[in-house]
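Below is one structure, written out as structure tokens; comments come after it.
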Amino acid sequence: MNNTPLDFAACSPDTLILTPNRRLSAWLVRDHDTEMAAQGLQSWPRLNALPLDAWLQQLFDALGLLLPAEKSVPRVLTARQSALLWRQVIEQDKDPLPDVEGLVQLAQQARALICRWRMGTAQLESGHTPENARFAQWHRLYLARLQQDNLLDPPALLQWVMAQGDAMSPMFPATIFLHGFNDHSEPQLLYLMTCAQQAGSRIGFSHLPSRNGTCHSVSFAQVDEQFGAAVNWALTQRAASIQPVRIGIVIPNLQNQRARMRAICQALWQQQPDHDQHHWTDIINITAGQKLTDYPLVSHLLLLLRALGGELSLLEWNLLLTSPCFAGDAAFIEHDRFIQRLRDQNCMRLGLDAITRRWQQFAPGSSATADWLARLQSARSSAKKLSIPQWLNWLNGLLVASQWGQQRTLSSEEFQIRQRLQETLLTLLELTPFVTRLSLTEFCHELNECLRGVQFQPQTETASIQIMGVLEAAGLPFDALWVCECEAANWPQSVSANPLLPRQLQRALNMPGATPERELHYSAGLLGGFRNSAPQVVFSWGENQGDTGHALASLLQDIPALDHHWPDAYRFRSLEQRQYQQLRDTVQQLPPDEYGAPVEEQHARGGSGIIKSQSQCPFKAFAEYRLNIRAQDELTEGVRAADRGHLLHRVLEKFWLEVKDSAALQLLIEDESRLDVLLHDIVDAEIRQLRAEVMLEPAALYPLEQERTFSLVKRWLKDYDARRDPFNIEQVEKKRTLQLNGIELSLAVDRIDRIGDALAIIDYKSGDKEAQVLQGERPEEPQLLLYAMLEPEKTRGLYFGVLHNSRMQYKGMQDAQLAFGKGTGKIIQAGDWAAQMQEWQQILAGLAQEYREGRAVVEPVNPKVCQYCHLGPVCRIRESAQELADDIG
């Protein structure tokens with residue numbers, strides 16, 4: 001038999017069909033049953049179709065009972081046990097290696113290729129690269145470990161079974177079809193055929209009978225457009241058919257496209273007339289499962305285990321404390337305030353003890369949250385060095401203590417996930433013979449590795465539309481088939497030989513991924529099979545992917561192309577895209593939205609930030625103070641600029657409350673030890689306050705910041721304040737209220753100095769500021785101007801006190817007649833101070849009036865305002881700029 005069409009009618013009970021995977025075997029059995037029922041039969045022998053690995057396992061089990069007692073039967077490893085052995089071998093390497101788990105996967109792949117291509121030791125050691133030599137040594141150690149413990153790994157199972165000679169021969173059926181295997185020259189398959197023929201079996205490759213389908217290609221402007229079109233086409237084919245149909249959609253990169261395909265299927269199903277009668281997963285099945293660790297029920301459990309063994313980021317604690325996978329009560333309603341408090345304290349990473357302590361400070365007394373955290377601490381205290389069975393018992397206790405999955409009735413999908421997780425946990429017992437006692441960290445590592453390799457897909461009823469990867473779809477029959485991503489970049493695939501095996505040997509043996517010619521031949525076989533697998537076959541491709549151009553694969557150039565203008569009925573636009581287009585069309589018909597509702601309160605309240613934002617950009621003020629869209633403080637490594645500025649403000653406040661005037665400062669300068677003692681006392685007290693309010697990691701940052709603050713403030717006092725003309729402290733950090741055009745502003749002035757009969761207002765800045773920000777029709781920094789309006793008749797100078805290591809000085813504007821102090825900074829002299837004050841008063845009143853009227857035009861005073869603005873998602877400045885550019889163009 002040489003690659004004959006598979007005929008169910010000719011399959012006797014003594015016929016065995018071997019396939020490369022379980023899905024193909026199940027489909028063949030189902031199609032055979034359908035055909036028998038269509039012939040009017042009431043009963044029939046079940047089609048004997050099995051995956052090759054399942055058949056080999058059956059043979060191994062049978063041989064274990066038949067072989068004589070003196071012949072030692074090895075124990076077959078699971079893939080997980082094999083991976084553990086490879087890891088133990090690789091970790092014995094004298095040189096430190098990065099990404100050991102990645103090397104384990106490559107080693108397992110190389111081992112499978114060695115067995116499938118029946119490579120000998122001499123061939124394996126013929127490599128010339130350090131990687132080849134290192135792997136050859138690992139392979140020798142791995143085989144020695146298998147022999148020492150009488151073990152057999154899955155890739156070597158066929159060789160061992162076939163080597164049993166006379167004991168094996170009676171187990172061969174009369175006829176064997178190798179169905180769905182894409183590489184008919186694979187040495188291990190040829191060896192199987194030789195053994196079967198020697199035992200008297202008829203064996204050969206088979207394929208599905210050709211369906212003589214009509215094939216077409218269709219192109220799209222962009223690669224992404226074809227996916228929605230394929231699903232739309234499949235739904236149309238299903239709706240047009242009276243009989244049940246099997247429609248296939250093949251996507252080569254399905255694992256990467258799975259999330260996109262779910263969104264497309266869900267959106268398009270909602271447009272079907274019978275969408276309310278079925279869930280979309282009853283009609284469409286996406287075969288590429290997600291990693292089990294991607295589902296919240298599992299990922300949140302792993303996050304909980306990480307919390308027991310180390311620190312989590314604030315974002316991770318927020319996710320864990322509010323997770324629906326764990327039970328909670330009304331106390332969790334306060335989590336937003338709790339997390340915001342931790343954010344204010346710059347708590348970037350916290351362990352279980354730290355989060356428990358801070359929760360107790362935030363919400364003293366008994367609460368469900370406190371009890372939950374206490375149960376976690378108790379579970380952690382019992383996590384010593386344990387064996388794997390003991391760890392599994394401990395984990396079951398943790399699941400109960402944390403109330404995992406008990407907060408509500410689980411959905412069908414969640415129930416299946418929980419079952420699959422529990423089944424997977426039991427497979428950890430396979431590692432018991434190979435590992436001793438593990439720490440919590442080691443157990444979590446093994447658990448992660450175990451779960452990471454598990455692909456899971458919730459069970460669904462048999463669906464009419466199957467979205468599959470290439471190898472899953474190969475050899476399957478369909479009533480209609482659409483093959484996506486037929487760009488030349490995908491067919492054939494690029495060369496990807498295993499880096500651990502000698503490259504020249506892989507080329508010589510024509511192994512997978514070794515040569516372009518091999519990949520071309522392999523791709524031609526796959527595409528040829530798809531051409532004959534359905535009465536109607538569509539091959540689609542995209543002309544562009546972003547800025548990259550594509551062409552149709554050369555293997556499909558002979559297929560006639562459909563009209564380039566694919567019917568609009570098959571074009572996909574997501575629900576979000578349609579809603580966006582509708583909203584955009586509506587918005588474009590409205591007049592310019594430059595005003596919001598006016599302020600209705602007779603006296604609107606706020607701080608100086610209202611006027612600052614209104615001056616910088618009216619939309620910014622409206623969004624922040626009318627819509628309450630505020631930016632969250634960013635968590636940063638080290639000391640935040642805001643915390644550093646706040647510390648400087650408090651130190652200077654305490655200093656001037658003690659010192660009072662420039663004369664007292666001069667006395668301290670003359671006796672520097674007194675100055676040092678006073679400053680040290682103030683800085684020490686404020687650092688203690690900082691420790692209570694802000695979390696710095698590592699803790700060594702506190703003394704560093706203490707030293708920095710001391711030297712910075714001392715330098716400021718000696719080099720700048722001490723050189724000024726005589727002054728008295730009028731006010732320090734005093735809260736004042738200003739009525740401005742119907743707005744009541746609460747202000748906090750850093751410092752007001754009295755110089756004779758005049759007042760000088762000082763605003764400390766830990767970053768640089770220029771006096772020019774006080775000028776113009778829309779000043780960037782109007783706070784000082786607002787402070788000046790508190791006592792406009794007496795105020796004669798406005799200053800930024802810039803306390804920055806490299807740019808320390810006073811900057812500002814003053815009455816030219818005021819004696820502030822020469823050499824203390826860059827100060828603009830105003831010849832007509834009264835006129836300047838009147839101009840500022842008019843500007844501030846105008847800004848307040850704009851705010852009260854609801855003026856919200858997008859009009860930044862300069863590009864810097866937009867550079868650090870957090871309102872990008874709700875602001876149309878970039879869109880407006882594009883529309884202007886289009887109009888000019």
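In the structure tokens, chains take letters A, B, ... by order of appearance, with residues numbered from 1 within each chain and ligands from 1 in the order shown.
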Need to verify the contact set: range 198-204 of chain A, 12 Å, only C-alpha atoms, exclusion of same-chain residues closer than 4 positions in sequence. Can you return it as JSON, numbers by chain?
{"A": [1, 2, 3, 4, 5, 6, 14, 15, 16, 17, 18, 162, 164, 165, 166, 167, 168, 169, 170, 171, 172, 173, 174, 175, 176, 177, 178, 179, 180, 181, 184, 185, 189, 190, 191, 192, 193, 194]}
For the strand (DSSP E) assignment from backbone DSSP, which residues of range 232-298 of chain A qualify? Please present them as a VMD selection string.
chain A and resid 247 to 250 284 to 286 290 to 291
Hey, what's within 10 Å of Leu146 in chain A if we count only C-alpha atoms and toss same-chain stuff fewer than 6 positions away? As a PyMOL selection string, please?
chain A and resi 74-77+82+85+140+152-153
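Among the candidates A:Asn741, A:Thr436, A:Gln422, A:Gln147, the residue lying nearest to Gln842 in chain A is A:Asn741 (atoms considered: only C-alpha atoms).
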Find the residues near Pro782 in chain A: any atom within 9 Å, counting only C-alpha atoms, skip ones fewer than 4 places away on the same chain, and give them as an mmCIF file with N, CA, C and O atoms, in the first residue's frame.
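Dumped to out-v7.cif:
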```cif
data_model
loop_
_atom_site.group_PDB
_atom_site.id
_atom_site.type_symbol
_atom_site.label_atom_id
_atom_site.label_comp_id
_atom_site.auth_asym_id
_atom_site.auth_seq_id
_atom_site.Cartn_x
_atom_site.Cartn_y
_atom_site.Cartn_z
ATOM 1 N N SER A 608 -5.378 76.898 44.241
ATOM 2 C CA SER A 608 -4.736 77.656 43.172
ATOM 3 C C SER A 608 -4.635 76.840 41.891
ATOM 4 O O SER A 608 -4.472 77.391 40.804
ATOM 5 N N GLY A 609 -4.738 75.482 42.030
ATOM 6 C CA GLY A 609 -4.643 74.630 40.847
ATOM 7 C C GLY A 609 -5.708 74.922 39.814
ATOM 8 O O GLY A 609 -5.503 74.698 38.617
ATOM 9 N N ILE A 611 -6.903 77.881 38.846
ATOM 10 C CA ILE A 611 -6.450 78.977 37.998
ATOM 11 C C ILE A 611 -5.223 78.567 37.197
ATOM 12 O O ILE A 611 -5.077 78.931 36.016
ATOM 13 N N LYS A 612 -4.353 77.775 37.801
ATOM 14 C CA LYS A 612 -3.168 77.302 37.074
ATOM 15 C C LYS A 612 -3.574 76.464 35.869
ATOM 16 O O LYS A 612 -3.078 76.664 34.751
ATOM 17 N N SER A 615 -5.231 78.526 33.137
ATOM 18 C CA SER A 615 -4.247 79.316 32.411
ATOM 19 C C SER A 615 -3.445 78.443 31.447
ATOM 20 O O SER A 615 -3.185 78.832 30.310
ATOM 21 N N VAL A 773 7.666 82.517 33.720
ATOM 22 C CA VAL A 773 6.389 81.802 33.865
ATOM 23 C C VAL A 773 5.355 82.661 34.582
ATOM 24 O O VAL A 773 4.181 82.283 34.665
ATOM 25 N N LEU A 774 5.766 83.831 35.088
ATOM 26 C CA LEU A 774 4.827 84.754 35.726
ATOM 27 C C LEU A 774 4.260 85.766 34.739
ATOM 28 O O LEU A 774 3.348 86.520 35.088
ATOM 29 N N GLN A 775 4.779 85.747 33.516
ATOM 30 C CA GLN A 775 4.421 86.773 32.554
ATOM 31 C C GLN A 775 3.495 86.220 31.483
ATOM 32 O O GLN A 775 3.292 85.010 31.360
ATOM 33 N N ARG A 778 -1.399 84.371 29.608
ATOM 34 C CA ARG A 778 -1.768 83.127 30.304
ATOM 35 C C ARG A 778 -0.517 82.610 31.000
ATOM 36 O O ARG A 778 0.198 81.751 30.478
ATOM 37 N N LEU A 786 -1.572 84.826 42.519
ATOM 38 C CA LEU A 786 -2.727 84.725 43.419
ATOM 39 C C LEU A 786 -2.348 85.134 44.840
ATOM 40 O O LEU A 786 -3.116 85.818 45.529
ATOM 41 N N TYR A 787 -1.162 84.703 45.294
ATOM 42 C CA TYR A 787 -0.727 85.092 46.631
ATOM 43 C C TYR A 787 -0.609 86.611 46.743
ATOM 44 O O TYR A 787 -0.917 87.196 47.793
ATOM 45 N N LEU A 844 -5.966 87.363 36.169
ATOM 46 C CA LEU A 844 -6.515 86.355 37.084
ATOM 47 C C LEU A 844 -8.034 86.397 37.112
ATOM 48 O O LEU A 844 -8.698 85.352 37.149
#
```
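Across the structure, CA of Ala368 in chain A and CA of Leu305 in chain A are spaced 19.7 Å apart.
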